[in-house]
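Data block for my_file-v9.tsv (TSV, C-alpha atoms and all ligand atoms):
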chain	number	residue	atom	x	y	z
Z	1118	MET	CA	0.00	0.00	0.00
Z	1119	ALA	CA	1.35	3.46	-0.86
Z	1120	ASP	CA	2.15	5.78	2.05
Z	1121	THR	CA	-0.76	8.10	1.25
Z	1122	GLU	CA	-3.19	5.16	1.05
Z	1123	LEU	CA	-1.89	3.84	4.35
Z	1124	ALA	CA	-2.29	7.27	5.98
Z	1125	ALA	CA	-5.88	7.41	4.70
Z	1126	ALA	CA	-6.57	3.88	5.97
Z	1127	ILE	CA	-5.20	4.82	9.38
Z	1128	LYS	CA	-7.35	7.92	9.47
Z	1129	SER	CA	-10.42	5.78	8.73
Z	1130	ALA	CA	-9.42	3.42	11.56
Z	1131	LEU	CA	-9.25	6.40	13.91
Z	1132	ALA	CA	-12.98	6.95	13.37
Z	1133	ALA	CA	-13.47	4.10	15.85
Z	1134	VAL	CA	-11.63	6.02	18.61
Z	1135	GLU	CA	-13.89	8.08	20.83
Z	1136	ILE	CA	-12.53	11.28	22.28
Z	1137	PRO	CA	-13.44	13.09	25.52
Z	1138	GLY	CA	-16.38	15.41	25.01
Z	1139	GLY	CA	-17.88	13.25	22.24
Z	1140	GLY	CA	-17.02	12.62	18.63
Z	1141	ASP	CA	-14.27	10.51	17.11
Z	1142	LEU	CA	-10.58	11.10	16.54
Z	1143	ALA	CA	-10.76	11.04	12.74
Z	1144	GLY	CA	-13.06	14.05	12.79
Z	1145	TYR	CA	-11.21	15.91	15.55
Z	1146	GLY	CA	-9.64	19.24	14.55
Z	1147	GLY	CA	-6.59	18.65	16.77
Z	1148	LEU	CA	-5.45	15.55	14.85
Z	1149	SER	CA	-2.25	16.29	12.93
Z	1150	ASP	CA	-1.30	14.95	9.52
Z	1151	ILE	CA	-0.52	11.24	9.64
Z	1152	ILE	CA	3.08	10.72	8.69
Z	1153	VAL	CA	4.04	7.35	7.21
Z	1154	THR	CA	7.66	6.26	6.78
Z	1155	SER	CA	9.08	2.87	5.85
Z	1156	GLY	CA	9.41	1.92	9.52
Z	1157	ALA	CA	6.99	4.11	11.41
Z	1158	VAL	CA	3.70	5.94	11.53
Z	1159	ALA	CA	3.54	9.17	13.52
Z	1160	PHE	CA	0.88	11.66	14.37
Z	1161	ALA	CA	-0.02	14.00	17.20
Z	1162	ILE	CA	-3.20	14.92	18.96
Z	1163	ALA	CA	-3.34	18.54	20.14
Z	1164	VAL	CA	-5.38	18.89	23.31
Z	1165	ALA	CA	-6.28	21.84	25.51
Z	1166	PRO	CA	-3.90	22.38	28.45
Z	1167	GLY	CA	-4.89	20.11	31.35
Z	1168	MET	CA	-6.65	17.59	29.07
Z	1169	GLU	CA	-3.63	15.33	28.54
Z	1170	ALA	CA	-4.73	12.71	31.10
Z	1171	ALA	CA	-8.31	12.65	29.79
Z	1172	PHE	CA	-7.00	11.96	26.29
Z	1173	GLY	CA	-4.67	9.17	27.52
Z	1174	PRO	CA	-7.12	6.31	26.73
Z	1175	ALA	CA	-7.87	7.81	23.30
Z	1176	ARG	CA	-4.13	7.87	22.58
Z	1177	GLU	CA	-3.81	4.19	23.56
Z	1178	GLN	CA	-6.81	3.26	21.39
Z	1179	ALA	CA	-5.39	5.31	18.53
Z	1180	ILE	CA	-2.12	3.37	18.71
Z	1181	ALA	CA	-4.02	0.06	18.69
Z	1182	ALA	CA	-6.28	1.15	15.83
Z	1183	ALA	CA	-3.35	2.39	13.73
Z	1184	GLN	CA	-1.40	-0.80	14.41
Z	1185	THR	CA	-4.17	-2.95	12.93
Z	1186	VAL	CA	-3.59	-1.34	9.52
Z	1187	ALA	CA	0.10	-0.42	9.73
Z	1188	GLY	CA	1.58	-3.93	9.94
Z	1189	THR	CA	5.01	-3.99	11.56
Z	1190	ARG	CA	5.59	-0.23	11.46
Z	1191	LYS	CA	6.18	1.39	14.83
Z	1192	ILE	CA	3.29	3.65	15.85
Z	1193	MET	CA	4.19	6.91	17.56
Z	1194	VAL	CA	1.39	9.08	18.83
Z	1195	SER	CA	2.02	12.12	20.97
Z	1196	LEU	CA	-0.36	14.35	22.85
Z	1197	THR	CA	0.60	17.97	22.55
Z	1198	SER	CA	-1.07	20.41	24.84
Z	1199	GLY	CA	-1.80	23.93	23.77
Z	1200	LYS	CA	-4.36	25.38	21.47
Z	1201	PRO	CA	-5.59	22.87	18.87
Z	1202	PRO	CA	-4.20	23.94	15.51
Z	1203	PRO	CA	-6.54	25.98	13.34
Z	1204	LYS	CA	-8.39	23.91	10.77
Z	1205	ALA	CA	-7.36	25.96	7.75
Z	1206	GLY	CA	-4.99	28.67	6.63
Z	1207	PRO	CA	-1.33	29.17	7.46
Z	1208	THR	CA	-0.19	31.17	10.47
Z	1209	PHE	CA	2.72	33.55	10.11
Z	1210	SER	CA	5.84	33.84	12.22
Z	1211	HIS	CA	8.65	36.29	11.58
Z	1212	GLY	CA	7.30	36.94	8.12
Z	1213	LYS	CA	7.46	33.27	7.13
Z	1214	PRO	CA	4.49	30.96	6.80
Z	1215	VAL	CA	4.69	28.18	9.37
Z	1216	PRO	CA	2.63	25.00	9.41
Z	1217	ALA	CA	-0.39	25.05	11.71
Z	1218	GLY	CA	0.44	24.26	15.32
Z	1219	LYS	CA	4.00	25.64	15.29
Z	1220	THR	CA	4.50	28.72	17.40
Z	1221	PRO	CA	7.72	30.70	17.88
Z	1222	VAL	CA	9.57	30.60	21.18
Z	1223	PRO	CA	9.86	34.22	22.34
Z	1224	GLY	CA	13.39	35.62	22.22
Z	1225	ILE	CA	14.83	32.71	20.23
Z	1226	LYS	CA	15.86	33.42	16.68
Z	1227	ARG	CA	16.87	29.95	15.54
Z	1228	ILE	CA	16.54	26.41	16.81
Z	1229	ILE	CA	19.04	23.75	15.81
Z	1230	ALA	CA	18.43	20.23	17.08
Z	1231	VAL	CA	21.11	17.56	17.43
Z	1232	GLY	CA	19.99	13.97	17.01
Z	1233	SER	CA	21.34	10.49	16.43
Z	1234	GLY	CA	20.02	7.15	15.29
Z	1235	LYS	CA	21.07	5.37	18.47
Z	1236	GLY	CA	22.42	6.11	21.92
Z	1237	GLY	CA	26.02	6.41	22.99
Z	1238	VAL	CA	27.41	7.89	19.78
Z	1239	GLY	CA	28.42	11.12	21.53
Z	1240	LYS	CA	25.39	13.17	20.50
Z	1241	SER	CA	25.20	15.17	23.75
Z	1242	THR	CA	28.95	15.79	23.86
Z	1243	THR	CA	28.79	17.03	20.28
Z	1244	ALA	CA	25.73	19.19	21.00
Z	1245	VAL	CA	27.42	20.94	23.93
Z	1246	ASN	CA	30.65	21.61	22.05
Z	1247	ILE	CA	28.82	22.77	18.93
Z	1248	ALA	CA	26.82	25.18	21.13
Z	1249	LEU	CA	30.08	26.52	22.57
Z	1250	ALA	CA	31.64	26.74	19.12
Z	1251	LEU	CA	28.63	28.72	17.84
Z	1252	GLN	CA	29.09	31.02	20.81
Z	1253	ALA	CA	32.75	31.43	19.90
Z	1254	GLU	CA	31.52	32.74	16.54
Z	1255	GLY	CA	29.98	35.66	18.44
Z	1256	LEU	CA	26.42	34.37	18.83
Z	1257	ARG	CA	24.24	34.26	21.94
Z	1258	VAL	CA	23.54	30.59	22.42
Z	1259	GLY	CA	21.46	28.40	24.72
Z	1260	ILE	CA	21.20	24.65	25.10
Z	1261	LEU	CA	18.12	22.63	25.99
Z	1262	ASP	CA	18.44	19.02	27.03
Z	1263	ALA	CA	15.43	17.33	25.42
Z	1264	ASP	CA	16.89	13.89	26.15
Z	1265	LEU	CA	14.39	13.56	28.98
Z	1266	TYR	CA	14.97	9.83	29.34
Z	1267	GLY	CA	18.73	10.16	29.77
Z	1268	PRO	CA	19.64	13.79	30.43
Z	1269	SER	CA	23.39	14.32	30.32
Z	1270	ILE	CA	23.78	18.09	29.87
Z	1271	PRO	CA	24.15	18.70	33.67
Z	1272	LYS	CA	27.16	16.38	33.75
Z	1273	LEU	CA	28.66	17.73	30.52
Z	1274	LEU	CA	28.39	21.36	31.65
Z	1275	GLY	CA	28.97	20.70	35.35
Z	1276	LEU	CA	25.56	22.20	36.26
Z	1277	GLU	CA	24.92	22.23	39.97
Z	1278	GLY	CA	21.66	22.64	41.84
Z	1279	GLN	CA	18.22	23.18	40.49
Z	1280	PRO	CA	17.33	26.04	38.17
Z	1281	ALA	CA	15.76	28.98	39.99
Z	1282	ILE	CA	12.04	29.47	39.51
Z	1283	ARG	CA	10.80	33.05	39.31
Z	1284	ASP	CA	7.65	34.26	41.11
Z	1285	ASP	CA	5.68	33.87	37.89
Z	1286	GLY	CA	6.66	30.18	37.71
Z	1287	ILE	CA	9.15	30.64	34.85
Z	1288	PHE	CA	12.52	28.87	35.09
Z	1289	SER	CA	15.72	30.91	35.13
Z	1290	PRO	CA	18.16	28.81	33.11
Z	1291	HIS	CA	21.58	27.80	34.38
Z	1292	GLU	CA	24.53	29.76	33.03
Z	1293	ALA	CA	27.52	27.67	32.08
Z	1294	PHE	CA	30.53	28.80	30.05
Z	1295	GLY	CA	28.38	31.67	28.74
Z	1296	LEU	CA	25.55	29.35	27.60
Z	1297	GLU	CA	21.99	29.48	28.91
Z	1298	ALA	CA	21.27	25.86	29.79
Z	1299	MET	CA	18.17	23.92	30.86
Z	1300	SER	CA	17.83	20.23	31.62
Z	1301	ILE	CA	15.33	18.13	33.50
Z	1302	GLY	CA	18.41	16.32	34.81
Z	1303	SER	CA	19.25	19.14	37.20
Z	1304	MET	CA	15.83	18.73	38.81
Z	1305	LEU	CA	16.31	15.04	39.57
Z	1306	THR	CA	18.17	13.58	42.51
Z	1307	LYS	CA	21.33	11.69	41.67
Z	1308	ASP	CA	20.66	8.32	39.99
Z	1309	GLN	CA	16.91	8.93	40.04
Z	1310	ALA	CA	15.38	6.94	37.20
Z	1311	VAL	CA	13.34	8.93	34.72
Z	1312	VAL	CA	10.14	7.13	33.86
Z	1313	TRP	CA	7.86	9.18	31.69
Z	1314	ARG	CA	4.64	8.25	30.08
Z	1315	GLY	CA	4.50	9.78	26.60
Z	1316	PRO	CA	2.17	12.69	27.39
Z	1317	MET	CA	4.13	13.60	30.52
Z	1318	ALA	CA	7.38	13.74	28.59
Z	1319	THR	CA	5.92	15.91	25.87
Z	1320	SER	CA	4.44	18.35	28.37
Z	1321	ALA	CA	7.76	18.45	30.27
Z	1322	LEU	CA	9.47	19.32	26.99
Z	1323	ARG	CA	6.96	22.07	26.31
Z	1324	GLN	CA	7.56	23.53	29.77
Z	1325	LEU	CA	11.35	23.41	29.51
Z	1326	LEU	CA	11.23	25.04	26.10
Z	1327	ARG	CA	8.52	27.62	26.64
Z	1328	GLU	CA	8.57	28.34	30.37
Z	1329	THR	CA	12.24	29.23	30.57
Z	1330	ALA	CA	13.45	32.81	30.57
Z	1331	TRP	CA	15.97	32.31	27.76
Z	1332	GLY	CA	16.48	36.02	27.19
Z	1333	GLN	CA	17.48	36.93	23.64
Z	1334	LEU	CA	19.24	34.05	21.91
Z	1335	ASP	CA	20.56	33.85	18.39
Z	1336	ILE	CA	20.49	30.06	18.51
Z	1337	LEU	CA	19.01	27.47	20.84
Z	1338	VAL	CA	20.69	24.09	20.45
Z	1339	ILE	CA	18.41	21.21	21.43
Z	1340	ASP	CA	19.93	17.88	22.40
Z	1341	LEU	CA	17.34	15.33	21.23
Z	1342	PRO	CA	16.91	11.83	22.63
Z	1343	PRO	CA	18.51	9.12	20.46
Z	1344	GLY	CA	16.36	7.56	17.73
Z	1345	THR	CA	12.90	8.92	17.02
Z	1346	GLY	CA	9.91	9.04	19.31
Z	1347	ASP	CA	7.29	11.11	21.09
Z	1348	ILE	CA	9.67	13.91	22.03
Z	1349	HIS	CA	10.83	14.43	18.45
Z	1350	ILE	CA	7.31	14.52	17.11
Z	1351	SER	CA	6.18	16.87	19.84
Z	1352	LEU	CA	9.09	19.25	19.24
Z	1353	PHE	CA	8.81	19.26	15.46
Z	1354	GLN	CA	5.08	19.89	15.61
Z	1355	GLN	CA	5.10	22.68	18.17
Z	1356	ALA	CA	8.21	24.70	17.29
Z	1357	GLU	CA	9.88	25.72	14.09
Z	1358	VAL	CA	13.14	23.79	14.15
Z	1359	ASP	CA	15.47	25.39	11.62
Z	1360	GLY	CA	17.58	22.33	11.10
Z	1361	VAL	CA	18.79	19.05	12.53
Z	1362	VAL	CA	22.38	17.89	12.84
Z	1363	ILE	CA	22.74	14.10	12.89
Z	1364	VAL	CA	25.65	12.62	14.86
Z	1365	SER	CA	26.91	9.19	13.96
Z	1366	THR	CA	29.92	7.03	14.64
Z	1367	PRO	CA	31.63	5.38	11.68
Z	1368	GLN	CA	30.31	1.89	12.36
Z	1369	ASP	CA	27.85	0.73	9.75
Z	1370	LEU	CA	25.22	-0.21	12.27
Z	1371	ALA	CA	25.10	3.29	13.66
Z	1372	LEU	CA	24.84	4.65	10.14
Z	1373	ILE	CA	21.88	2.45	9.35
Z	1374	ASP	CA	20.25	3.77	12.51
Z	1375	ALA	CA	21.11	7.30	11.49
Z	1376	LYS	CA	19.36	6.72	8.14
Z	1377	LYS	CA	16.23	5.70	10.00
Z	1378	ALA	CA	16.45	8.80	12.18
Z	1379	ILE	CA	16.62	11.16	9.23
Z	1380	ASP	CA	13.93	9.39	7.26
Z	1381	MET	CA	11.13	11.10	9.15
Z	1382	LEU	CA	12.53	14.64	9.26
Z	1383	PRO	CA	11.51	15.91	5.82
Z	1384	ARG	CA	7.99	14.75	6.50
Z	1385	PHE	CA	7.81	17.21	9.38
Z	1386	GLY	CA	9.22	19.96	7.19
Z	1387	VAL	CA	12.43	20.01	9.25
Z	1388	PRO	CA	15.59	20.61	7.20
Z	1389	ILE	CA	18.57	18.33	7.73
Z	1390	LEU	CA	21.71	20.40	8.11
Z	1391	GLY	CA	24.04	17.46	7.73
Z	1392	LEU	CA	25.97	14.64	9.35
Z	1393	VAL	CA	28.76	14.83	11.94
Z	1394	GLU	CA	31.01	11.82	12.27
Z	1395	ASN	CA	32.01	11.43	15.91
Z	1396	MET	CA	34.80	9.19	17.25
Z	1397	SER	CA	35.89	9.19	13.67
Z	1398	TYR	CA	39.57	8.40	14.06
Z	1399	PHE	CA	42.03	7.98	16.90
Z	1400	ILE	CA	45.10	10.12	17.44
Z	1401	ALA	CA	47.73	8.31	19.53
Z	1402	PRO	CA	48.63	10.69	22.37
Z	1403	ASP	CA	52.28	9.59	22.39
Z	1404	THR	CA	53.07	9.66	18.67
Z	1405	GLY	CA	50.31	11.88	17.29
Z	1406	LYS	CA	49.76	9.19	14.65
Z	1407	ARG	CA	46.24	8.92	13.21
Z	1408	TYR	CA	44.45	5.56	13.19
Z	1409	ASP	CA	41.21	5.12	11.27
Z	1410	ILE	CA	40.12	2.36	13.60
Z	1411	PHE	CA	36.67	1.90	12.12
Z	1412	GLY	CA	37.71	2.47	8.53
Z	1413	SER	CA	37.56	5.93	7.10
Z	1414	GLY	CA	35.04	7.94	5.14
Z	1415	GLY	CA	31.97	5.85	6.05
Z	1416	ALA	CA	29.92	8.75	7.31
Z	1417	GLU	CA	31.00	11.02	4.47
Z	1418	ARG	CA	29.98	8.38	1.91
Z	1419	ALA	CA	26.72	7.74	3.72
Z	1420	ALA	CA	26.00	11.47	3.82
Z	1421	ALA	CA	26.64	11.74	0.08
Z	1422	GLU	CA	24.43	8.71	-0.63
Z	1423	MET	CA	21.64	10.27	1.40
Z	1424	GLY	CA	22.08	13.58	-0.38
Z	1425	MET	CA	23.04	15.52	2.70
Z	1426	ALA	CA	25.99	17.63	3.73
Z	1427	PHE	CA	28.92	16.22	5.65
Z	1428	LEU	CA	29.60	18.76	8.39
Z	1429	GLY	CA	32.85	17.33	9.72
Z	1430	ALA	CA	34.56	14.69	11.83
Z	1431	ILE	CA	35.53	14.65	15.52
Z	1432	PRO	CA	38.40	12.41	16.60
Z	1433	LEU	CA	38.13	9.82	19.35
Z	1434	VAL	CA	40.32	11.36	22.01
Z	1435	MET	CA	40.73	10.80	25.70
Z	1436	SER	CA	40.59	14.53	26.44
Z	1437	ILE	CA	37.06	14.74	25.03
Z	1438	ARG	CA	35.88	11.86	27.19
Z	1439	GLU	CA	37.61	13.01	30.35
Z	1440	GLY	CA	36.76	16.69	29.94
Z	1441	SER	CA	33.14	15.98	29.05
Z	1442	ASP	CA	32.53	13.52	31.82
Z	1443	SER	CA	33.91	15.97	34.40
Z	1444	GLY	CA	31.97	19.03	33.22
Z	1445	HIS	CA	34.85	20.64	31.33
Z	1446	PRO	CA	33.91	20.66	27.65
Z	1447	PRO	CA	37.04	20.82	25.46
Z	1448	MET	CA	35.62	23.69	23.42
Z	1449	ALA	CA	35.46	25.83	26.59
Z	1450	VAL	CA	38.55	24.73	28.48
Z	1451	ASP	CA	40.97	24.44	25.55
Z	1452	PRO	CA	39.64	26.66	22.78
Z	1453	ALA	CA	43.01	26.65	21.05
Z	1454	GLY	CA	43.25	22.84	21.00
Z	1455	ALA	CA	42.82	20.51	18.04
Z	1456	GLU	CA	39.48	19.22	19.37
Z	1457	ALA	CA	38.12	22.76	19.56
Z	1458	ASP	CA	39.25	23.32	15.96
Z	1459	ALA	CA	37.17	20.32	14.88
Z	1460	TYR	CA	34.05	21.62	16.67
Z	1461	ARG	CA	34.60	25.12	15.32
Z	1462	ALA	CA	34.81	23.81	11.76
Z	1463	ILE	CA	31.46	22.09	12.28
Z	1464	ALA	CA	29.89	25.24	13.76
Z	1465	ARG	CA	31.07	27.19	10.72
Z	1466	ALA	CA	29.70	24.54	8.38
Z	1467	ILE	CA	26.35	24.83	10.17
Z	1468	LEU	CA	26.37	28.62	9.94
Z	1469	SER	CA	27.26	28.47	6.27
Z	1470	ARG	CA	24.05	26.52	5.75
Z	1471	GLN	CA	22.09	28.60	8.28
Z	1472	PRO	CA	23.58	32.05	7.80
Z	1473	ALA	CA	22.66	34.99	10.02
Z	1474	PRO	CA	19.82	34.48	12.47
Z	1475	ALA	CA	16.85	35.59	10.41
Z	1476	ARG	CA	13.94	36.04	12.80
W	1501	LIG	N1	34.96	12.30	20.32
W	1501	LIG	C1	34.97	11.62	21.47
W	1501	LIG	N2	36.12	11.09	21.95
W	1501	LIG	C2	36.12	10.38	23.10
W	1501	LIG	N3	35.05	10.16	23.85
W	1501	LIG	C3	33.87	10.67	23.43
W	1501	LIG	C4	33.77	11.43	22.23
W	1501	LIG	N4	32.46	11.82	22.08
W	1501	LIG	C5	31.80	11.33	23.14
W	1501	LIG	N5	32.63	10.62	23.95
W	1501	LIG	C6	32.27	9.90	25.18
W	1501	LIG	O1	31.32	8.90	24.83
W	1501	LIG	C7	30.35	8.74	25.86
W	1501	LIG	C8	28.96	8.93	25.30
W	1501	LIG	O2	28.83	10.30	24.90
W	1501	LIG	P1	27.44	11.07	24.99
W	1501	LIG	O3	26.82	10.94	26.34
W	1501	LIG	O4	27.66	12.42	24.44
W	1501	LIG	O5	26.61	10.18	23.96
W	1501	LIG	P2	25.08	10.25	23.54
W	1501	LIG	O6	25.02	9.79	22.14
W	1501	LIG	O7	24.51	11.59	23.86
W	1501	LIG	O8	24.51	9.17	24.51
W	1501	LIG	P3	23.02	9.00	25.07
W	1501	LIG	O9	22.26	8.48	23.96
W	1501	LIG	O10	23.23	8.04	26.19
W	1501	LIG	O11	22.59	10.37	25.51
W	1501	LIG	C9	30.74	9.74	26.95
W	1501	LIG	O12	31.52	9.09	27.93
W	1501	LIG	C10	31.58	10.78	26.21
W	1501	LIG	O13	32.54	11.43	27.05
Encoding of this model in structure tokens:
Amino acid sequence: MADTELAAAIKSALAAVEIPGGGDLAGYGGLSDIIVTSGAVAFAIAVAPGMEAAFGPAREQAIAAAQTVAGTRKIMVSLTSGKPPPKAGPTFSHGKPVPAGKTPVPGIKRIIAVGSGKGGVGKSTTAVNIALALQAEGLRVGILDADLYGPSIPKLLGLEGQPAIRDDGIFSPHEAFGLEAMSIGSMLTKDQAVVWRGPMATSALRQLLRETAWGQLDILVIDLPPGTGDIHISLFQQAEVDGVVIVSTPQDLALIDAKKAIDMLPRFGVPILGLVENMSYFIAPDTGKRYDIFGSGGAERAAAEMGMAFLGAIPLVMSIREGSDSGHPPMAVDPAGAEADAYRAIARAILSRQPAPAR
């Protein structure tokens, strides 16, 4: 079945799902487009603030109904709270038409998200150092840890304590190395497990993004969770993300995962800025000799095959691991070092594709 036919069949199946207040999901104005990829089906249900729990059963039934027609594809349904999107007509933000449901985040000119196909490839480390490298280019930069299931920004930036909350309930972000930083991780006790149900995670993301006093930022870097899921869908549907950077290691498996991760982006209208190859090669600390331990050029070839830009490669070096794991990002503590050069080159490649902040 073609993707459009499958989307239509899923929409018909959603007619069997009752929603709070009467009526069915297929006819509900808050139902987003149904996005079908080779491995997944994704859609969102916009509900009024406070109605997330009431819509929980409808979400479960929607997943079950979609699964009956979608075969082995993974079904991802998120509840987004806020005003249901208007039924017709584009809304306008900063002079540009934006798809229904997306609203700008006040004070933030551009949003760049950093994602990966799977965990452990160094996505968060790369996000932090790219944010610092963008700052080194003279931009005001913030970083939001959207990896709600495994937040690592507090460790990477050495954030201590909880963010302050103003009288009006808005978070004051942490300041670290000149970055404005927010992470759910700094609100958890050490080793506390994060168990979110989908709607809770998406509303936590909305709060972190929209109820933080970011000030005026040229760029907000968002560290996404690995893979694709509720958080990605929720973010891409509520905010205009100007581009996504995909981080991958050279191993083939990770690259296959990365391909899956990027497959869904164009369907949300989110541009892919390009691929960063992390832990690309190893420089022996004693001899300075370079070893392409996983083979070389895999990510660059994969990027070319997928028709996207190759933004650069970061070596596998002990100083990155040690500095990152102790809250001393190499880009901040050794801006003249070779590692910083690699991150700076990537930041410049990003800016060359996303020139001056336009909003
Ligand atoms: N270029 C590098 N050289 C050496 N170590 C690195 C490099 N990049 C990341 N690391 C290390 O790899 C580990 C995983 O990195 P990181 O937490 O950034 O990955 P991630 O993809 O964000 O993982 P998760 O999916 O768990 O969030 C960390 O210990 C980090 O210090």
For this session: Show which residues sit within 6 Å of Val1393 (chain Z), as a PyMOL selection string. Count only C-alpha atoms, and ignore same-chain residues fewer than 4 positions away.
Result: chain Z and resi 1364+1428-1430
For this session: Tell me which protein, DNA and RNA residues are within 12 Å of region 1133-1140 of chain Z, counting all atoms listed in the file, leaving out same-chain ones fewer than 2 positions away, and put them as number ranges by chain.
Result: Z: 1127-1131, 1142-1148, 1162-1165, 1168-1183
Cut-off 9 Å: closest chain Z/ligand LIG 1501 (chain W) atom pairs per residue, using all atoms listed in the file, as a tab-separated table:
residue	atom	partner	partner_atom	distance
Z:Gly1232	CA	W:LIG1501	O6	8.3
Z:Ser1233	CA	W:LIG1501	O6	6.8
Z:Gly1234	CA	W:LIG1501	O6	8.9
Z:Lys1235	CA	W:LIG1501	O9	6.4
Z:Gly1236	CA	W:LIG1501	O9	3.1
Z:Gly1237	CA	W:LIG1501	O8	3.5
Z:Val1238	CA	W:LIG1501	O6	3.9
Z:Gly1239	CA	W:LIG1501	O5	3.2
Z:Lys1240	CA	W:LIG1501	O6	3.8
Z:Ser1241	CA	W:LIG1501	O7	3.6
Z:Thr1242	CA	W:LIG1501	O4	3.7
Z:Thr1243	CA	W:LIG1501	O4	6.3
Z:Ala1244	CA	W:LIG1501	O4	7.8
Z:Val1245	CA	W:LIG1501	O4	8.5
Z:Asp1264	CA	W:LIG1501	O11	6.7
Z:Tyr1266	CA	W:LIG1501	O11	8.5
Z:Gly1267	CA	W:LIG1501	O11	5.8
Z:Pro1268	CA	W:LIG1501	O11	6.7
Z:Ser1269	CA	W:LIG1501	O3	6.2
Z:Ile1270	CA	W:LIG1501	O3	8.5
Z:Leu1273	CA	W:LIG1501	O4	8.1
Z:Asp1340	CA	W:LIG1501	O7	7.9
Z:Leu1341	CA	W:LIG1501	O11	8.4
Z:Pro1342	CA	W:LIG1501	O9	6.5
Z:Pro1343	CA	W:LIG1501	O9	5.2
Z:Gly1344	CA	W:LIG1501	O9	8.6
Z:Val1364	CA	W:LIG1501	O6	7.8
Z:Ser1365	CA	W:LIG1501	O6	8.4
Z:Glu1394	CA	W:LIG1501	N1	9.0
Z:Asn1395	CA	W:LIG1501	N1	5.4
Z:Met1396	CA	W:LIG1501	N1	4.4
Z:Ser1397	CA	W:LIG1501	N1	7.4
Z:Tyr1398	CA	W:LIG1501	N1	8.7
Z:Phe1399	CA	W:LIG1501	N2	8.4
Z:Ala1430	CA	W:LIG1501	N1	8.8
Z:Ile1431	CA	W:LIG1501	N1	5.4
Z:Pro1432	CA	W:LIG1501	N1	5.1
Z:Leu1433	CA	W:LIG1501	N2	3.5
Z:Val1434	CA	W:LIG1501	N2	4.2
Z:Met1435	CA	W:LIG1501	C2	5.3
Z:Ser1436	CA	W:LIG1501	C2	7.0
Z:Ile1437	CA	W:LIG1501	C2	4.9
Z:Arg1438	CA	W:LIG1501	O13	3.4
Z:Glu1439	CA	W:LIG1501	O13	6.3
Z:Gly1440	CA	W:LIG1501	O13	7.3
Z:Ser1441	CA	W:LIG1501	O13	5.0
Z:Asp1442	CA	W:LIG1501	O13	5.2
Z:Ser1443	CA	W:LIG1501	O13	8.7
Z:Glu1456	CA	W:LIG1501	N1	8.3
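Across the model, the gap from CA of Glu1328 (chain Z) to CA of Gly1224 (chain Z) is 11.9 Å.
Across the structure, CA of Pro1280 (chain Z) and CA of Glu1254 (chain Z) are spaced 26.7 Å apart.
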I'd like the contact shell of region 1286-1291 of chain Z - 9 Å cut-off, all atoms listed in the file, skipping same-chain residues fewer than 6 positions apart - returned as a PDB file with C-alpha atoms, in the frame of the given file.
ATOM      1  CA  LEU Z1276      25.560  22.200  36.260  1.00  0.00           C
ATOM      2  CA  GLU Z1277      24.920  22.230  39.970  1.00  0.00           C
ATOM      3  CA  GLN Z1279      18.220  23.180  40.490  1.00  0.00           C
ATOM      4  CA  PRO Z1280      17.330  26.040  38.170  1.00  0.00           C
ATOM      5  CA  GLU Z1297      21.990  29.480  28.910  1.00  0.00           C
ATOM      6  CA  ALA Z1298      21.270  25.860  29.790  1.00  0.00           C
ATOM      7  CA  MET Z1299      18.170  23.920  30.860  1.00  0.00           C
ATOM      8  CA  SER Z1300      17.830  20.230  31.620  1.00  0.00           C
ATOM      9  CA  GLN Z1324       7.560  23.530  29.770  1.00  0.00           C
ATOM     10  CA  LEU Z1325      11.350  23.410  29.510  1.00  0.00           C
ATOM     11  CA  ARG Z1327       8.520  27.620  26.640  1.00  0.00           C
ATOM     12  CA  GLU Z1328       8.570  28.340  30.370  1.00  0.00           C
ATOM     13  CA  THR Z1329      12.240  29.230  30.570  1.00  0.00           C
ATOM     14  CA  ALA Z1330      13.450  32.810  30.570  1.00  0.00           C
ATOM     15  CA  TRP Z1331      15.970  32.310  27.760  1.00  0.00           C
TER      16      TRP Z1331
END
For this session: One decimal, Å: what's the distance from CA of Glu1422 (chain Z) over to CA of Ile1400 (chain Z), could you say?
Result: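 About the pair CA of Glu1422 (chain Z) and CA of Ile1400 (chain Z): they are 27.5 Å apart.
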Exercise. Pick from Z:Met1425, Z:Ala1161, Z:Ile1463, Z:Val1450: nearest to Gln1355 (chain Z), with only C-alpha atoms counted?
Worked result: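 Using only C-alpha atoms, the shortest distance to Gln1355 (chain Z) belongs to Z:Ala1161.
Distances here use only C-alpha atoms; by that measure, the residue among Z:Met1381, Z:Leu1196, Z:Ala1421, Z:Val1186 closest to Ser1320 (chain Z) is Z:Leu1196.
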